[in-house]
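Trainee: The following file, coords_37.cif, comprises mmCIF, C-alpha atoms, pLDDT in the B column; chains and numbers go by the auth columns:
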data_upload
#
loop_
_atom_site.group_PDB
_atom_site.id
_atom_site.type_symbol
_atom_site.label_atom_id
_atom_site.label_comp_id
_atom_site.label_asym_id
_atom_site.label_seq_id
_atom_site.Cartn_x
_atom_site.Cartn_y
_atom_site.Cartn_z
_atom_site.B_iso_or_equiv
_atom_site.auth_seq_id
_atom_site.auth_asym_id
ATOM 1 C CA MET A 1 3.133 -11.778 0.019 71.00 113 A
ATOM 2 C CA ARG A 2 3.195 -8.774 -2.349 75.00 114 A
ATOM 3 C CA ILE A 3 4.539 -5.363 -1.256 80.00 115 A
ATOM 4 C CA SER A 4 3.321 -2.136 -2.892 79.00 116 A
ATOM 5 C CA PHE A 5 4.942 1.296 -2.694 77.00 117 A
ATOM 6 C CA TRP A 6 2.903 4.423 -3.589 76.00 118 A
ATOM 7 C CA LEU A 7 4.303 7.581 -5.165 75.00 119 A
ATOM 8 C CA TYR A 8 2.679 10.832 -6.311 76.00 120 A
ATOM 9 C CA SER A 9 3.149 12.075 -9.888 79.00 121 A
ATOM 10 C CA SER A 10 2.415 15.612 -11.081 77.00 122 A
ATOM 11 C CA ASN A 11 2.512 14.398 -14.699 82.00 123 A
ATOM 12 C CA LEU A 12 1.268 10.843 -15.110 82.00 124 A
ATOM 13 C CA GLU A 13 2.181 10.496 -18.793 81.00 125 A
ATOM 14 C CA LYS A 14 5.733 11.683 -18.165 83.00 126 A
ATOM 15 C CA SER A 15 6.074 9.297 -15.209 82.00 127 A
ATOM 16 C CA PHE A 16 4.658 6.410 -17.223 81.00 128 A
ATOM 17 C CA ASP A 17 7.113 7.100 -20.049 80.00 129 A
ATOM 18 C CA PHE A 18 9.987 7.155 -17.552 78.00 130 A
ATOM 19 C CA TYR A 19 8.989 3.901 -15.787 80.00 131 A
ATOM 20 C CA ARG A 20 8.193 2.258 -19.145 77.00 132 A
ATOM 21 C CA LYS A 21 11.840 2.781 -20.117 75.00 133 A
ATOM 22 C CA VAL A 22 13.219 1.772 -16.716 71.00 134 A
ATOM 23 C CA PHE A 23 11.180 -1.446 -16.416 72.00 135 A
ATOM 24 C CA ASP A 24 10.512 -2.176 -20.127 70.00 136 A
ATOM 25 C CA LEU A 25 6.735 -1.843 -19.761 73.00 137 A
ATOM 26 C CA ASP A 26 4.309 -2.414 -22.618 70.00 138 A
ATOM 27 C CA PRO A 27 3.362 1.132 -23.799 68.00 139 A
ATOM 28 C CA GLU A 28 -0.273 0.048 -24.335 66.00 140 A
ATOM 29 C CA GLU A 29 -0.639 -1.541 -20.920 62.00 141 A
ATOM 30 C CA ASN A 30 -1.167 0.566 -17.828 54.00 142 A
ATOM 31 C CA LEU A 31 -2.070 4.209 -18.554 58.00 143 A
ATOM 32 C CA LYS A 32 -5.503 4.155 -20.256 57.00 144 A
ATOM 33 C CA LYS A 33 -6.616 7.577 -18.867 56.00 145 A
ATOM 34 C CA SER A 34 -6.665 6.417 -15.278 71.00 146 A
ATOM 35 C CA LYS A 35 -5.510 8.217 -12.158 77.00 147 A
ATOM 36 C CA GLY A 36 -2.510 5.956 -11.805 80.00 148 A
ATOM 37 C CA PHE A 37 -0.621 2.879 -12.899 79.00 149 A
ATOM 38 C CA SER A 38 1.294 -0.052 -11.423 80.00 150 A
ATOM 39 C CA VAL A 39 4.812 -1.212 -12.142 79.00 151 A
ATOM 40 C CA PRO A 40 5.513 -4.843 -11.200 79.00 152 A
ATOM 41 C CA ILE A 41 9.029 -5.298 -9.824 76.00 153 A
ATOM 42 C CA GLY A 42 9.697 -9.002 -9.675 72.00 154 A
ATOM 43 C CA ILE A 43 7.043 -11.271 -8.195 76.00 155 A
ATOM 44 C CA HIS A 44 6.826 -9.693 -4.729 77.00 156 A
ATOM 45 C CA PHE A 45 7.083 -5.932 -5.277 82.00 157 A
ATOM 46 C CA GLU A 46 4.980 -3.353 -7.062 83.00 158 A
ATOM 47 C CA LEU A 47 5.350 0.382 -7.502 79.00 159 A
ATOM 48 C CA LYS A 48 2.067 2.307 -7.735 81.00 160 A
ATOM 49 C CA ILE A 49 2.064 5.798 -9.238 80.00 161 A
ATOM 50 C CA SER A 50 -0.910 8.118 -8.674 80.00 162 A
ATOM 51 C CA SER A 51 -1.782 11.457 -10.263 77.00 163 A
ATOM 52 C CA LEU A 52 -3.884 12.458 -7.279 69.00 164 A
ATOM 53 C CA GLU A 53 -2.173 15.053 -5.093 59.00 165 A
ATOM 54 C CA LYS A 54 -3.240 13.173 -2.000 55.00 166 A
ATOM 55 C CA PRO A 55 -3.724 9.549 -2.989 48.00 167 A
ATOM 56 C CA GLN A 56 -5.549 7.450 -0.419 50.00 168 A
ATOM 57 C CA ASN A 57 -2.317 5.663 0.429 46.00 169 A
ATOM 58 C CA ALA A 58 0.066 8.638 0.240 53.00 170 A
ATOM 59 C CA GLY A 59 3.313 7.881 1.994 65.00 171 A
ATOM 60 C CA SER A 60 2.243 4.364 2.845 72.00 172 A
ATOM 61 C CA ILE A 61 3.393 0.824 2.256 79.00 173 A
ATOM 62 C CA GLU A 62 0.843 -1.824 1.365 81.00 174 A
ATOM 63 C CA ILE A 63 1.687 -5.478 2.006 82.00 175 A
ATOM 64 C CA ASN A 64 -0.684 -7.658 0.002 84.00 176 A
ATOM 65 C CA GLU A 65 -1.428 -11.353 0.430 84.00 177 A
ATOM 66 C CA ALA A 66 -0.399 -11.072 4.091 85.00 178 A
ATOM 67 C CA ASN A 67 -1.521 -13.631 6.643 88.00 179 A
ATOM 68 C CA ILE A 68 -3.696 -11.347 8.782 92.00 180 A
ATOM 69 C CA GLU A 69 -4.256 -13.830 11.617 93.00 181 A
ATOM 70 C CA GLU A 70 -0.517 -14.482 11.958 90.00 182 A
ATOM 71 C CA THR A 71 0.308 -10.761 11.759 90.00 183 A
ATOM 72 C CA TYR A 72 -2.335 -9.878 14.364 93.00 184 A
ATOM 73 C CA GLU A 73 -1.041 -12.556 16.745 92.00 185 A
ATOM 74 C CA ARG A 74 2.512 -11.232 16.308 91.00 186 A
ATOM 75 C CA PHE A 75 1.374 -7.655 17.112 91.00 187 A
ATOM 76 C CA ILE A 76 -0.403 -8.889 20.270 92.00 188 A
ATOM 77 C CA LYS A 77 2.520 -11.091 21.329 91.00 189 A
ATOM 78 C CA ASN A 78 4.939 -8.169 20.889 90.00 190 A
ATOM 79 C CA ARG A 79 2.581 -5.842 22.804 88.00 191 A
ATOM 80 C CA LEU A 80 2.062 -3.253 20.093 89.00 192 A
ATOM 81 C CA PRO A 81 -0.519 -0.703 21.264 91.00 193 A
ATOM 82 C CA GLU A 82 -3.917 -1.418 19.724 95.00 194 A
ATOM 83 C CA THR A 83 -6.586 1.156 18.864 95.00 195 A
ATOM 84 C CA ALA A 84 -10.240 0.798 17.880 94.00 196 A
ATOM 85 C CA GLN A 85 -9.828 3.605 15.309 92.00 197 A
ATOM 86 C CA SER A 86 -10.839 2.284 11.882 88.00 198 A
ATOM 87 C CA ASP A 87 -9.613 5.331 9.930 88.00 199 A
ATOM 88 C CA PRO A 88 -5.839 5.073 9.384 86.00 200 A
ATOM 89 C CA LYS A 89 -5.580 8.861 8.958 86.00 201 A
ATOM 90 C CA LYS A 90 -6.899 9.363 12.503 92.00 202 A
ATOM 91 C CA MET A 91 -4.756 6.714 14.186 92.00 203 A
ATOM 92 C CA LYS A 92 -2.066 7.753 16.651 91.00 204 A
ATOM 93 C CA GLY A 93 1.556 6.986 15.802 87.00 205 A
ATOM 94 C CA GLY A 94 2.909 3.704 17.123 87.00 206 A
ATOM 95 C CA THR A 95 -0.472 1.904 17.081 91.00 207 A
ATOM 96 C CA PHE A 96 -2.307 -0.688 15.003 93.00 208 A
ATOM 97 C CA SER A 97 -5.961 -1.413 14.351 95.00 209 A
ATOM 98 C CA GLY A 98 -7.942 -4.323 13.030 92.00 210 A
ATOM 99 C CA PRO A 99 -8.344 -6.796 11.707 94.00 211 A
ATOM 100 C CA TRP A 100 -11.006 -5.165 9.538 93.00 212 A
ATOM 101 C CA GLU A 101 -13.167 -7.157 7.149 91.00 213 A
ATOM 102 C CA TYR A 102 -13.502 -5.922 3.581 83.00 214 A
ATOM 103 C CA PRO A 103 -15.168 -7.518 0.547 81.00 215 A
ATOM 104 C CA GLY A 104 -12.739 -10.230 -0.451 80.00 216 A
ATOM 105 C CA GLY A 105 -10.478 -10.166 2.580 88.00 217 A
ATOM 106 C CA MET A 106 -9.144 -8.715 5.803 93.00 218 A
ATOM 107 C CA ALA A 107 -6.803 -5.828 6.661 93.00 219 A
ATOM 108 C CA LEU A 108 -4.680 -4.527 9.536 93.00 220 A
ATOM 109 C CA PHE A 109 -3.562 -0.902 9.745 93.00 221 A
ATOM 110 C CA LEU A 110 -0.294 0.109 11.383 89.00 222 A
ATOM 111 C CA LYS A 111 1.115 3.595 12.068 88.00 223 A
ATOM 112 C CA ASP A 112 4.769 3.827 12.979 82.00 224 A
ATOM 113 C CA PRO A 113 5.977 6.431 15.502 78.00 225 A
ATOM 114 C CA ASP A 114 6.586 8.887 12.603 71.00 226 A
ATOM 115 C CA ASN A 115 3.006 8.382 11.346 79.00 227 A
ATOM 116 C CA HIS A 116 3.974 6.379 8.256 76.00 228 A
ATOM 117 C CA SER A 117 1.198 3.957 7.362 85.00 229 A
ATOM 118 C CA ILE A 118 1.642 0.272 6.647 83.00 230 A
ATOM 119 C CA PHE A 119 -1.384 -1.685 5.465 89.00 231 A
ATOM 120 C CA PHE A 120 -1.439 -5.475 5.688 88.00 232 A
ATOM 121 C CA MET A 121 -4.000 -6.864 3.220 89.00 233 A
ATOM 122 C CA GLU A 122 -5.303 -10.396 2.801 86.00 234 A
ATOM 123 C CA TRP A 123 -7.151 -10.376 -0.532 75.00 235 A
#
Output the file's structure as C-alpha cells, nothing else.
Mentor:
Amino acid sequence: MRISFWLYSSNLEKSFDFYRKVFDLDPEENLKKSKGFSVPIGIHFELKISSLEKPQNAGSIEINEANIEETYERFIKNRLPETAQSDPKKMKGGTFSGPWEYPGGMALFLKDPDNHSIFFMEW
C-alpha cells in the first residue's frame, strides 16, 4: 500500500528546491515544466506538490495499491453510509462511494465528517 499526500505550491520551482534539499532529490528528476512533482518518502509514502490553485485532489489523501474488495467489505461491515454519487466533490460528509472501475484498476471514495477526501486506489 502506498499513501500520497497532496499540497498546493504557489511557486513550484521554489518548492522543488526546498524539497530537493530536505529529501536529497536529484535536481534533474521531477520538475521538467510540469504542474507538479512527487517526493518519495520511504517505500510507503509520497508527497505530491501541485502548482494548480485547486488541484484535483486538494486537501485529500490518496492510498494507492489498496485492496479495494477488502476495504469495501470493511466499510459495509462497519456500516459506513454509502452513496451512489460518483463525484467526490459532490459527496456528503461521512459517506463513501464505489467501488468505481478505472483503466488499470478500481477506486473507492470516502468523505470524512469534515469533508476531507480519502481515495483508495487499486492500480
Trainee: Taking the file as shown, what set of residues would the PyMOL selection byres ((chain A and resi 122) around 6) give back, as a count of residues only?
Mentor: 3
Trainee: Return as a PDB file with C-alpha atoms, in the frame of the given file the set of residues that the PyMOL selection byres ((chain A and resi 202-208) around 10) yields on the displayed structure.
Mentor:
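Listed below is the output, result-v2.pdb:
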ATOM      1  CA  TYR A 184      -2.335  -9.878  14.364  1.00 93.00           C
ATOM      2  CA  PHE A 187       1.374  -7.655  17.112  1.00 91.00           C
ATOM      3  CA  ILE A 188      -0.403  -8.889  20.270  1.00 92.00           C
ATOM      4  CA  LEU A 192       2.062  -3.253  20.093  1.00 89.00           C
ATOM      5  CA  PRO A 193      -0.519  -0.703  21.264  1.00 91.00           C
ATOM      6  CA  GLU A 194      -3.917  -1.418  19.724  1.00 95.00           C
ATOM      7  CA  THR A 195      -6.586   1.156  18.864  1.00 95.00           C
ATOM      8  CA  ALA A 196     -10.240   0.798  17.880  1.00 94.00           C
ATOM      9  CA  GLN A 197      -9.828   3.605  15.309  1.00 92.00           C
ATOM     10  CA  SER A 198     -10.839   2.284  11.882  1.00 88.00           C
ATOM     11  CA  ASP A 199      -9.613   5.331   9.930  1.00 88.00           C
ATOM     12  CA  PRO A 200      -5.839   5.073   9.384  1.00 86.00           C
ATOM     13  CA  LYS A 201      -5.580   8.861   8.958  1.00 86.00           C
ATOM     14  CA  SER A 209      -5.961  -1.413  14.351  1.00 95.00           C
ATOM     15  CA  GLY A 210      -7.942  -4.323  13.030  1.00 92.00           C
ATOM     16  CA  PRO A 211      -8.344  -6.796  11.707  1.00 94.00           C
ATOM     17  CA  LEU A 220      -4.680  -4.527   9.536  1.00 93.00           C
ATOM     18  CA  PHE A 221      -3.562  -0.902   9.745  1.00 93.00           C
ATOM     19  CA  LEU A 222      -0.294   0.109  11.383  1.00 89.00           C
ATOM     20  CA  LYS A 223       1.115   3.595  12.068  1.00 88.00           C
ATOM     21  CA  ASP A 224       4.769   3.827  12.979  1.00 82.00           C
ATOM     22  CA  PRO A 225       5.977   6.431  15.502  1.00 78.00           C
ATOM     23  CA  ASP A 226       6.586   8.887  12.603  1.00 71.00           C
ATOM     24  CA  ASN A 227       3.006   8.382  11.346  1.00 79.00           C
ATOM     25  CA  HIS A 228       3.974   6.379   8.256  1.00 76.00           C
ATOM     26  CA  SER A 229       1.198   3.957   7.362  1.00 85.00           C
ATOM     27  CA  ILE A 230       1.642   0.272   6.647  1.00 83.00           C
ATOM     28  CA  PHE A 231      -1.384  -1.685   5.465  1.00 89.00           C
TER      29      PHE A 231
END
Trainee: Could you state the separation of atom CA of A:Tyr214 and atom CA of A:Ile161 in Å, given to one decimal place?
Mentor: 23.3 Å
Trainee: By how many Å are atom CA of A:Lys126 and atom CA of A:Glu174 apart?
Mentor: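 Distance between the two atoms: 24.2 Å.
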Trainee: Quick one: which residues end up in the PyMOL selection byres ((chain A and resi 128-130) around 10) for this structure, as a list in words?
Mentor: Ser121, Asn123, Leu124, Glu125, Lys126, Ser127, Tyr131, Arg132, Lys133, Val134, Phe135, Asp136, Leu137, Pro139, Asn142, Leu143, Gly148, Phe149, Ser150, Val151 and Ile161 of chain A
Trainee: Which residue is closest to A:Glu234? Choose from A:Glu177, A:Gly216, A:Gly154, A:Glu182 and count all atoms listed in the file.
Mentor: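 That would be A:Glu177, the residue with the smallest distance to A:Glu234.
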Trainee: Please determine, counting all atoms listed in the file, which residue among A:Met233, A:Ile180, A:Glu158, A:Pro215 has the shortest atom-to-atom distance to A:Ile115.
Mentor: A:Glu158
Trainee: One number please: atom CA of A:Lys147 to atom CA of A:Ser172, in Å, one decimal.
Mentor: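 According to the coordinates, atom CA of A:Lys147 and atom CA of A:Ser172 are separated by 17.3 Å.
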Trainee: Between A:Ser116, A:Ser162, A:Asn176, A:Thr183, single out the one closest to A:Trp235, counting only C-alpha atoms.
Mentor: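 Ranking A:Ser116, A:Ser162, A:Asn176, A:Thr183 by distance to A:Trp235, first place goes to A:Asn176.
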